file entry04.csv (CSV, N, CA and C atoms)
chain,number,residue,atom,x,y,z
A,291,MET,N,263.3,231.9,43.8
A,291,MET,CA,263.9,231.3,45.0
A,291,MET,C,265.3,231.8,45.1
A,292,ALA,N,265.7,232.3,46.3
A,292,ALA,CA,267.0,232.8,46.5
A,292,ALA,C,268.1,231.7,46.3
A,293,SER,N,269.2,232.2,45.9
A,293,SER,CA,270.3,231.2,45.7
A,293,SER,C,270.7,230.6,47.0
A,294,ILE,N,271.0,229.3,47.1
A,294,ILE,CA,271.4,228.7,48.3
A,294,ILE,C,272.7,228.0,48.2
A,295,GLN,N,273.4,228.3,47.1
A,295,GLN,CA,274.7,227.7,46.9
A,295,GLN,C,275.7,228.1,48.0
A,296,ARG,N,276.4,227.2,48.5
A,296,ARG,CA,277.3,227.5,49.6
A,296,ARG,C,278.7,227.0,49.2
A,297,ILE,N,279.7,227.8,49.6
A,297,ILE,CA,281.1,227.5,49.3
A,297,ILE,C,281.5,226.4,50.3
A,298,GLY,N,282.2,225.4,49.9
A,298,GLY,CA,282.7,224.4,50.8
A,298,GLY,C,281.9,223.1,50.7
A,299,PHE,N,280.8,223.1,49.9
A,299,PHE,CA,280.0,221.9,49.8
A,299,PHE,C,280.1,221.4,48.3
A,300,THR,N,279.9,220.2,48.1
A,300,THR,CA,280.0,219.6,46.8
A,300,THR,C,278.8,220.1,45.9
A,301,ARG,N,279.0,220.0,44.6
A,301,ARG,CA,277.9,220.4,43.7
A,301,ARG,C,276.6,219.6,44.0
A,302,ASP,N,276.8,218.3,44.2
A,302,ASP,CA,275.7,217.4,44.5
A,302,ASP,C,275.0,217.9,45.8
A,303,GLN,N,275.7,218.3,46.8
A,303,GLN,CA,275.1,218.8,48.1
A,303,GLN,C,274.3,220.1,47.8
A,304,ASN,N,274.9,221.0,47.0
A,304,ASN,CA,274.2,222.2,46.7
A,304,ASN,C,272.9,221.9,45.9
A,305,ASP,N,273.1,221.0,44.9
A,305,ASP,CA,271.9,220.7,44.0
A,305,ASP,C,270.8,220.0,44.8
A,306,LEU,N,271.2,219.1,45.7
A,306,LEU,CA,270.1,218.5,46.6
A,306,LEU,C,269.5,219.4,47.5
A,307,SER,N,270.3,220.4,48.0
A,307,SER,CA,269.7,221.4,48.9
A,307,SER,C,268.6,222.2,48.2
A,308,LYS,N,268.9,222.5,46.9
A,308,LYS,CA,268.0,223.3,46.1
A,308,LYS,C,266.7,222.5,45.9
A,309,ILE,N,266.8,221.2,45.6
A,309,ILE,CA,265.7,220.3,45.4
A,309,ILE,C,264.8,220.2,46.7
A,310,PHE,N,265.5,219.9,47.8
A,310,PHE,CA,264.7,219.7,49.0
A,310,PHE,C,264.1,221.0,49.5
A,311,LYS,N,264.8,222.2,49.3
A,311,LYS,CA,264.2,223.4,49.6
A,311,LYS,C,262.9,223.6,48.8
A,312,ALA,N,262.9,223.3,47.5
A,312,ALA,CA,261.7,223.4,46.7
A,312,ALA,C,260.6,222.5,47.2
A,313,LEU,N,260.9,221.4,47.8
A,313,LEU,CA,259.9,220.4,48.3
A,313,LEU,C,259.5,220.7,49.7
A,314,ALA,N,260.0,221.8,50.3
A,314,ALA,CA,259.7,222.1,51.7
A,314,ALA,C,258.4,222.8,52.0
A,315,HIS,N,257.4,222.6,51.1
A,315,HIS,CA,256.1,223.1,51.4
A,315,HIS,C,255.1,222.1,51.0
A,316,PRO,N,254.0,221.8,51.8
A,316,PRO,CA,253.1,220.8,51.5
A,316,PRO,C,252.4,221.0,50.1
A,317,ALA,N,252.1,222.2,49.7
A,317,ALA,CA,251.5,222.5,48.4
A,317,ALA,C,252.3,222.0,47.3
A,318,ARG,N,253.6,222.2,47.4
A,318,ARG,CA,254.5,221.8,46.3
A,318,ARG,C,254.7,220.3,46.3
A,319,ILE,N,254.6,219.6,47.4
A,319,ILE,CA,254.6,218.1,47.4
A,319,ILE,C,253.3,217.6,46.8
A,320,ALA,N,252.2,218.3,47.1
A,320,ALA,CA,250.9,217.9,46.5
A,320,ALA,C,250.9,218.1,45.0
A,321,ILE,N,251.6,219.2,44.5
A,321,ILE,CA,251.7,219.4,43.1
A,321,ILE,C,252.5,218.3,42.5
A,322,ILE,N,253.6,217.9,43.1
A,322,ILE,CA,254.5,216.8,42.6
A,322,ILE,C,253.6,215.5,42.5
A,323,ASP,N,252.9,215.2,43.6
A,323,ASP,CA,252.1,214.0,43.6
A,323,ASP,C,251.1,214.0,42.5
A,324,LEU,N,250.4,215.1,42.3
A,324,LEU,CA,249.4,215.2,41.2
A,324,LEU,C,250.1,215.0,39.8
A,325,LEU,N,251.3,215.7,39.6
A,325,LEU,CA,252.0,215.5,38.4
A,325,LEU,C,252.4,214.1,38.1
A,326,LEU,N,252.8,213.4,39.2
A,326,LEU,CA,253.2,212.0,39.0
A,326,LEU,C,252.0,211.1,38.7
A,327,GLU,N,250.8,211.5,39.2
A,327,GLU,CA,249.6,210.7,38.9
A,327,GLU,C,249.1,211.0,37.5
A,328,THR,N,249.1,212.2,37.1
A,328,THR,CA,248.5,212.6,35.8
A,328,THR,C,249.4,212.8,34.7
A,329,ASN,N,250.7,212.7,34.9
A,329,ASN,CA,251.7,212.9,33.8
A,329,ASN,C,251.9,214.3,33.5
A,330,ARG,N,250.9,215.1,33.1
A,330,ARG,CA,251.0,216.5,32.9
A,330,ARG,C,249.6,217.1,33.2
A,331,ILE,N,249.6,218.4,33.6
A,331,ILE,CA,248.4,219.1,34.0
A,331,ILE,C,248.7,220.6,33.9
A,332,ASN,N,247.6,221.4,33.7
A,332,ASN,CA,247.8,222.8,33.6
A,332,ASN,C,247.5,223.5,35.0
A,333,CYS,N,247.8,224.7,35.1
A,333,CYS,CA,247.7,225.5,36.4
A,333,CYS,C,246.3,225.5,36.9
A,334,LYS,N,245.3,225.7,36.0
A,334,LYS,CA,243.9,225.8,36.5
A,334,LYS,C,243.5,224.4,37.0
A,335,GLN,N,243.9,223.3,36.4
A,335,GLN,CA,243.5,222.0,36.9
A,335,GLN,C,244.2,221.7,38.2
A,336,LEU,N,245.5,222.1,38.4
A,336,LEU,CA,246.2,222.0,39.6
A,336,LEU,C,245.5,222.8,40.7
A,337,ALA,N,245.1,224.0,40.5
A,337,ALA,CA,244.5,224.8,41.5
A,337,ALA,C,243.2,224.2,41.9
A,338,SER,N,242.4,223.7,41.0
A,338,SER,CA,241.2,223.0,41.3
A,338,SER,C,241.4,221.8,42.2
A,339,GLU,N,242.4,221.0,41.9
A,339,GLU,CA,242.7,219.7,42.6
A,339,GLU,C,243.2,220.0,44.0
A,340,ILE,N,244.1,221.0,44.2
A,340,ILE,CA,244.7,221.2,45.5
A,340,ILE,C,243.9,222.2,46.3
A,341,GLY,N,243.0,222.9,45.7
A,341,GLY,CA,242.2,223.9,46.5
A,341,GLY,C,242.8,225.2,46.7
A,342,TYR,N,243.8,225.6,45.9
A,342,TYR,CA,244.4,226.9,46.1
A,342,TYR,C,244.0,227.7,44.8
A,343,GLY,N,244.2,229.0,44.9
A,343,GLY,CA,243.9,229.9,43.8
A,343,GLY,C,245.1,229.8,42.8
A,344,SER,N,244.8,230.2,41.6
A,344,SER,CA,245.8,230.1,40.5
A,344,SER,C,247.0,230.9,40.8
A,345,PRO,N,246.9,232.1,41.4
A,345,PRO,CA,248.2,232.9,41.7
A,345,PRO,C,249.1,232.1,42.7
A,346,THR,N,248.5,231.5,43.7
A,346,THR,CA,249.3,230.7,44.7
A,346,THR,C,249.9,229.5,44.0
A,347,VAL,N,249.2,228.8,43.2
A,347,VAL,CA,249.7,227.6,42.5
A,347,VAL,C,250.8,228.1,41.5
A,348,THR,N,250.6,229.2,40.8
A,348,THR,CA,251.7,229.7,40.0
A,348,THR,C,253.0,230.0,40.7
A,349,HIS,N,252.8,230.6,41.9
A,349,HIS,CA,254.0,230.8,42.8
A,349,HIS,C,254.7,229.5,43.1
A,350,HIS,N,254.0,228.5,43.5
A,350,HIS,CA,254.6,227.2,43.8
A,350,HIS,C,255.2,226.5,42.6
A,351,LEU,N,254.6,226.7,41.4
A,351,LEU,CA,255.1,226.1,40.2
A,351,LEU,C,256.4,226.8,39.8
A,352,LYS,N,256.5,228.1,40.0
A,352,LYS,CA,257.7,228.8,39.7
A,352,LYS,C,258.9,228.3,40.6
A,353,ILE,N,258.6,228.1,41.8
A,353,ILE,CA,259.7,227.5,42.7
A,353,ILE,C,260.1,226.1,42.3
A,354,LEU,N,259.2,225.3,41.9
A,354,LEU,CA,259.5,223.9,41.5
A,354,LEU,C,260.2,224.0,40.1
A,355,MET,N,259.9,224.9,39.3
A,355,MET,CA,260.6,225.0,38.0
A,355,MET,C,262.0,225.5,38.2
A,356,GLU,N,262.2,226.5,39.1
A,356,GLU,CA,263.5,227.0,39.3
A,356,GLU,C,264.5,225.9,39.9
A,357,SER,N,263.9,225.0,40.6
A,357,SER,CA,264.7,223.9,41.1
A,357,SER,C,265.0,222.8,40.1
A,358,GLY,N,264.3,222.9,39.0
A,358,GLY,CA,264.4,221.9,37.9
A,358,GLY,C,263.6,220.6,38.1
A,359,LEU,N,262.8,220.6,39.2
A,359,LEU,CA,261.9,219.4,39.5
A,359,LEU,C,260.8,219.3,38.5
A,360,ILE,N,260.3,220.3,37.9
A,360,ILE,CA,259.3,220.3,36.9
A,360,ILE,C,259.7,221.1,35.7
A,361,GLY,N,259.0,220.8,34.6
A,361,GLY,CA,259.1,221.6,33.4
A,361,GLY,C,257.7,221.8,32.8
A,362,TYR,N,257.7,222.5,31.7
A,362,TYR,CA,256.3,222.8,31.1
A,362,TYR,C,256.4,222.7,29.6
A,363,GLU,N,255.3,222.5,29.0
A,363,GLU,CA,255.1,222.5,27.6
A,363,GLU,C,254.0,223.4,27.2
A,364,LYS,N,254.2,224.3,26.3
A,364,LYS,CA,253.1,225.3,25.9
A,364,LYS,C,252.3,224.7,24.8
A,365,ILE,N,251.0,224.6,25.0
A,365,ILE,CA,250.1,224.1,23.9
A,365,ILE,C,249.0,225.2,23.8
A,366,ALA,N,249.0,225.8,22.7
A,366,ALA,CA,248.1,226.9,22.4
A,366,ALA,C,248.4,228.0,23.5
A,367,ASN,N,247.4,228.4,24.3
A,367,ASN,CA,247.7,229.4,25.3
A,367,ASN,C,247.8,228.8,26.7
A,368,LEU,N,248.0,227.5,26.8
A,368,LEU,CA,248.1,226.9,28.1
A,368,LEU,C,249.5,226.2,28.3
A,369,SER,N,249.9,226.3,29.5
A,369,SER,CA,251.2,225.6,29.9
A,369,SER,C,250.8,224.3,30.6
A,370,PHE,N,251.3,223.2,30.2
A,370,PHE,CA,251.1,221.9,30.9
A,370,PHE,C,252.4,221.5,31.6
A,371,TYR,N,252.3,221.2,32.8
A,371,TYR,CA,253.5,220.9,33.7
A,371,TYR,C,253.7,219.4,33.8
A,372,ALA,N,255.0,219.1,33.9
A,372,ALA,CA,255.3,217.7,34.1
A,372,ALA,C,256.6,217.6,35.0
A,373,VAL,N,256.7,216.4,35.6
A,373,VAL,CA,257.8,216.2,36.6
A,373,VAL,C,259.1,215.8,35.8
A,374,ASN,N,260.2,216.3,36.3
A,374,ASN,CA,261.5,215.9,35.7
A,374,ASN,C,262.0,214.6,36.4
A,375,PRO,N,261.8,213.5,35.8
A,375,PRO,CA,262.1,212.2,36.5
A,375,PRO,C,263.6,212.1,36.9
A,376,ILE,N,264.5,212.7,36.2
A,376,ILE,CA,265.9,212.6,36.6
A,376,ILE,C,266.1,213.2,38.0
A,377,LEU,N,265.5,214.4,38.2
A,377,LEU,CA,265.7,215.0,39.6
A,377,LEU,C,265.0,214.3,40.7
A,378,ILE,N,263.8,213.8,40.3
A,378,ILE,CA,263.1,213.0,41.3
A,378,ILE,C,263.9,211.8,41.7
A,379,ASP,N,264.5,211.1,40.8
A,379,ASP,CA,265.4,210.0,41.1
A,379,ASP,C,266.6,210.4,41.9
A,380,LYS,N,267.1,211.6,41.6
A,380,LYS,CA,268.3,212.1,42.3
A,380,LYS,C,267.9,212.3,43.8
A,381,ALA,N,266.8,212.9,44.0
A,381,ALA,CA,266.4,213.1,45.4
A,381,ALA,C,266.1,211.8,46.1
A,382,GLN,N,265.4,210.9,45.4
A,382,GLN,CA,265.1,209.6,46.0
A,382,GLN,C,266.4,208.8,46.4
A,383,ASN,N,267.4,208.9,45.5
A,383,ASN,CA,268.6,208.2,45.7
A,383,ASN,C,269.4,208.8,46.9
A,384,ALA,N,269.3,210.1,47.0
A,384,ALA,CA,270.0,210.8,48.1
A,384,ALA,C,269.4,210.4,49.4
A,385,LEU,N,268.0,210.3,49.5
A,385,LEU,CA,267.4,209.8,50.7
A,385,LEU,C,267.8,208.4,51.0
A,386,LYS,N,267.9,207.5,50.0
A,386,LYS,CA,268.3,206.2,50.2
A,386,LYS,C,269.7,206.1,50.8
A,387,VAL,N,270.6,206.9,50.3
A,387,VAL,CA,272.0,206.9,50.8
A,387,VAL,C,272.0,207.3,52.3
A,388,VAL,N,271.2,208.4,52.6
A,388,VAL,CA,271.1,208.8,54.0
A,388,VAL,C,270.5,207.7,54.9
A,389,SER,N,269.4,207.1,54.4
A,389,SER,CA,268.8,206.0,55.1
A,389,SER,C,269.7,204.9,55.4
A,390,ASN,N,270.5,204.5,54.3
A,390,ASN,CA,271.4,203.4,54.5
A,390,ASN,C,272.5,203.7,55.5
A,391,LYS,N,273.0,204.9,55.5
A,391,LYS,CA,274.0,205.3,56.4
A,391,LYS,C,273.4,205.3,57.8
A,392,ALA,N,272.2,205.7,58.0
A,392,ALA,CA,271.6,205.7,59.3
A,392,ALA,C,271.4,204.2,59.8
A,393,ASP,N,271.0,203.3,58.9
A,393,ASP,CA,270.8,201.9,59.2
A,393,ASP,C,272.2,201.3,59.6
A,394,ASP,N,273.2,201.7,59.0
A,394,ASP,CA,274.6,201.2,59.3
A,394,ASP,C,275.1,201.7,60.6
A,395,GLN,N,274.6,202.8,61.1
A,395,GLN,CA,275.0,203.4,62.3
A,395,GLN,C,274.4,202.6,63.5
A,396,GLN,N,275.1,202.0,64.3
A,396,GLN,CA,274.6,201.1,65.4
A,396,GLN,C,274.5,201.9,66.7
A,397,THR,N,273.9,203.1,66.6
A,397,THR,CA,273.8,204.0,67.7
A,397,THR,C,272.5,203.7,68.5
A,398,ASP,N,272.6,203.7,69.8
A,398,ASP,CA,271.4,203.6,70.6
A,398,ASP,C,270.8,205.0,70.8
A,399,PHE,N,269.7,205.3,70.2
A,399,PHE,CA,269.1,206.6,70.3
A,399,PHE,C,268.3,206.9,71.5
A,400,ARG,N,268.1,205.9,72.4
A,400,ARG,CA,267.3,206.1,73.6
A,400,ARG,C,267.7,207.2,74.5
A,401,ASN,N,269.0,207.5,74.5
A,401,ASN,CA,269.6,208.5,75.4
A,401,ASN,C,269.8,209.8,74.8
A,402,ILE,N,269.5,209.9,73.5
A,402,ILE,CA,269.8,211.2,72.8
A,402,ILE,C,268.5,212.1,72.9
A,403,ILE,N,268.8,213.3,73.2
A,403,ILE,CA,267.7,214.3,73.3
A,403,ILE,C,267.5,215.0,71.9
A,404,PHE,N,266.3,215.0,71.4
A,404,PHE,CA,266.1,215.6,70.1
A,404,PHE,C,265.3,216.9,70.4
A,405,CYS,N,265.6,217.9,69.5
A,405,CYS,CA,265.0,219.2,69.7
A,405,CYS,C,263.5,219.2,69.3
A,406,GLN,N,263.1,218.4,68.4
A,406,GLN,CA,261.7,218.4,68.0
A,406,GLN,C,261.0,217.1,68.5
A,407,GLN,N,259.7,217.2,68.6
A,407,GLN,CA,258.9,216.1,68.9
A,407,GLN,C,259.0,215.0,67.8
A,408,PRO,N,259.0,213.8,68.1
A,408,PRO,CA,259.1,212.7,67.1
A,408,PRO,C,257.9,212.8,66.2
A,409,LEU,N,258.0,212.3,65.0
A,409,LEU,CA,256.9,212.3,64.1
A,409,LEU,C,255.9,211.3,64.6
A,410,PRO,N,254.6,211.5,64.3
A,410,PRO,CA,253.6,210.5,64.7
A,410,PRO,C,253.8,209.2,64.0
A,411,ASP,N,253.2,208.1,64.6
A,411,ASP,CA,253.4,206.8,64.0
A,411,ASP,C,252.8,206.7,62.7
A,412,SER,N,251.8,207.5,62.4
A,412,SER,CA,251.1,207.4,61.1
A,412,SER,C,252.0,208.0,59.9
A,413,PHE,N,253.1,208.6,60.2
A,413,PHE,CA,253.9,209.2,59.2
A,413,PHE,C,254.6,208.1,58.5
call {"tool": "encode", "arguments": {"input": "entry04.csv", "output": "structure tokens"}}
result
Amino acid sequence: MASIQRIGFTRDQNDLSKIFKALAHPARIAIIDLLLETNRINCKQLASEIGYGSPTVTHHLKILMESGLIGYEKIANLSFYAVNPILIDKAQNALKVVSNKADDQQTDFRNIIFCQQPLPDSF
């Protein structure tokens, strides 16, 4: 994953940017979900669960590892992947801060034009 560090932003802002960039693909979110459910899993099992080939899963695992969101443990000739709970908590807390700030903002959004369609109600 290319470096996304930018001058003029705090270290936390740059770190969070890296985390959220790593989560910006549905396959990587599915991988994180599976890792949270199973505690640890190998690439072949992940590929089977999410329906992608091993090379594609390996690509997504590499991005998640570079961000620090996951790590691995080598057992015999297999790598078992697990979530880094510290970074998951950091991302979760960052979203809570943004959500709280949005709740505190007493803006009437009815007259604001957004560039994208709103998310469906089922989101």
call {"tool": "closest_residue", "arguments": {"input": "entry04.csv", "among": "A:Ala392, A:Ala372, A:Met355, A:Leu313", "to": "Asn332 of chain A", "atoms": "all atoms listed in the file"}}
result
A:Ala372
call {"tool": "closest_residue", "arguments": {"input": "entry04.csv", "among": "A:Ile365, A:Leu385, A:Leu359, A:Val373", "to": "Thr328 of chain A", "atoms": "only C-alpha atoms"}}
result
A:Val373
call {"tool": "closest_residue", "arguments": {"input": "entry04.csv", "among": "A:Ala317, A:Ile376, A:Ala384, A:Ile309", "to": "Leu351 of chain A", "atoms": "only N, CA and C atoms"}}
result
A:Ala317
call {"tool": "atom_distance", "arguments": {"input": "entry04.csv", "atom1": "atom CA of Pro375 of chain A", "atom2": "atom CA of Asp323 of chain A"}}
result
12.4 Å
call {"tool": "atom_distance", "arguments": {"input": "entry04.csv", "atom1": "atom CA of Lys311 of chain A", "atom2": "atom N of Leu326 of chain A"}}
result
18.4 Å
call {"tool": "closest_residue", "arguments": {"input": "entry04.csv", "among": "A:Leu336, A:Val347, A:Val388, A:Ile331", "to": "Tyr371 of chain A", "atoms": "all atoms listed in the file"}}
result
A:Ile331
call {"tool": "closest_residue", "arguments": {"input": "entry04.csv", "among": "A:Ala366, A:Ile322, A:Cys333, A:Ile353", "to": "Lys308 of chain A", "atoms": "only C-alpha atoms"}}
result
A:Ile353
call {"tool": "atom_distance", "arguments": {"input": "entry04.csv", "atom1": "atom CA of Arg296 of chain A", "atom2": "atom N of Leu377 of chain A"}}
result
21.0 Å
call {"tool": "closest_residue", "arguments": {"input": "entry04.csv", "among": "A:Ile360, A:Leu354, A:Ala337, A:Ile378", "to": "Ala312 of chain A", "atoms": "all atoms listed in the file"}}
result
A:Leu354
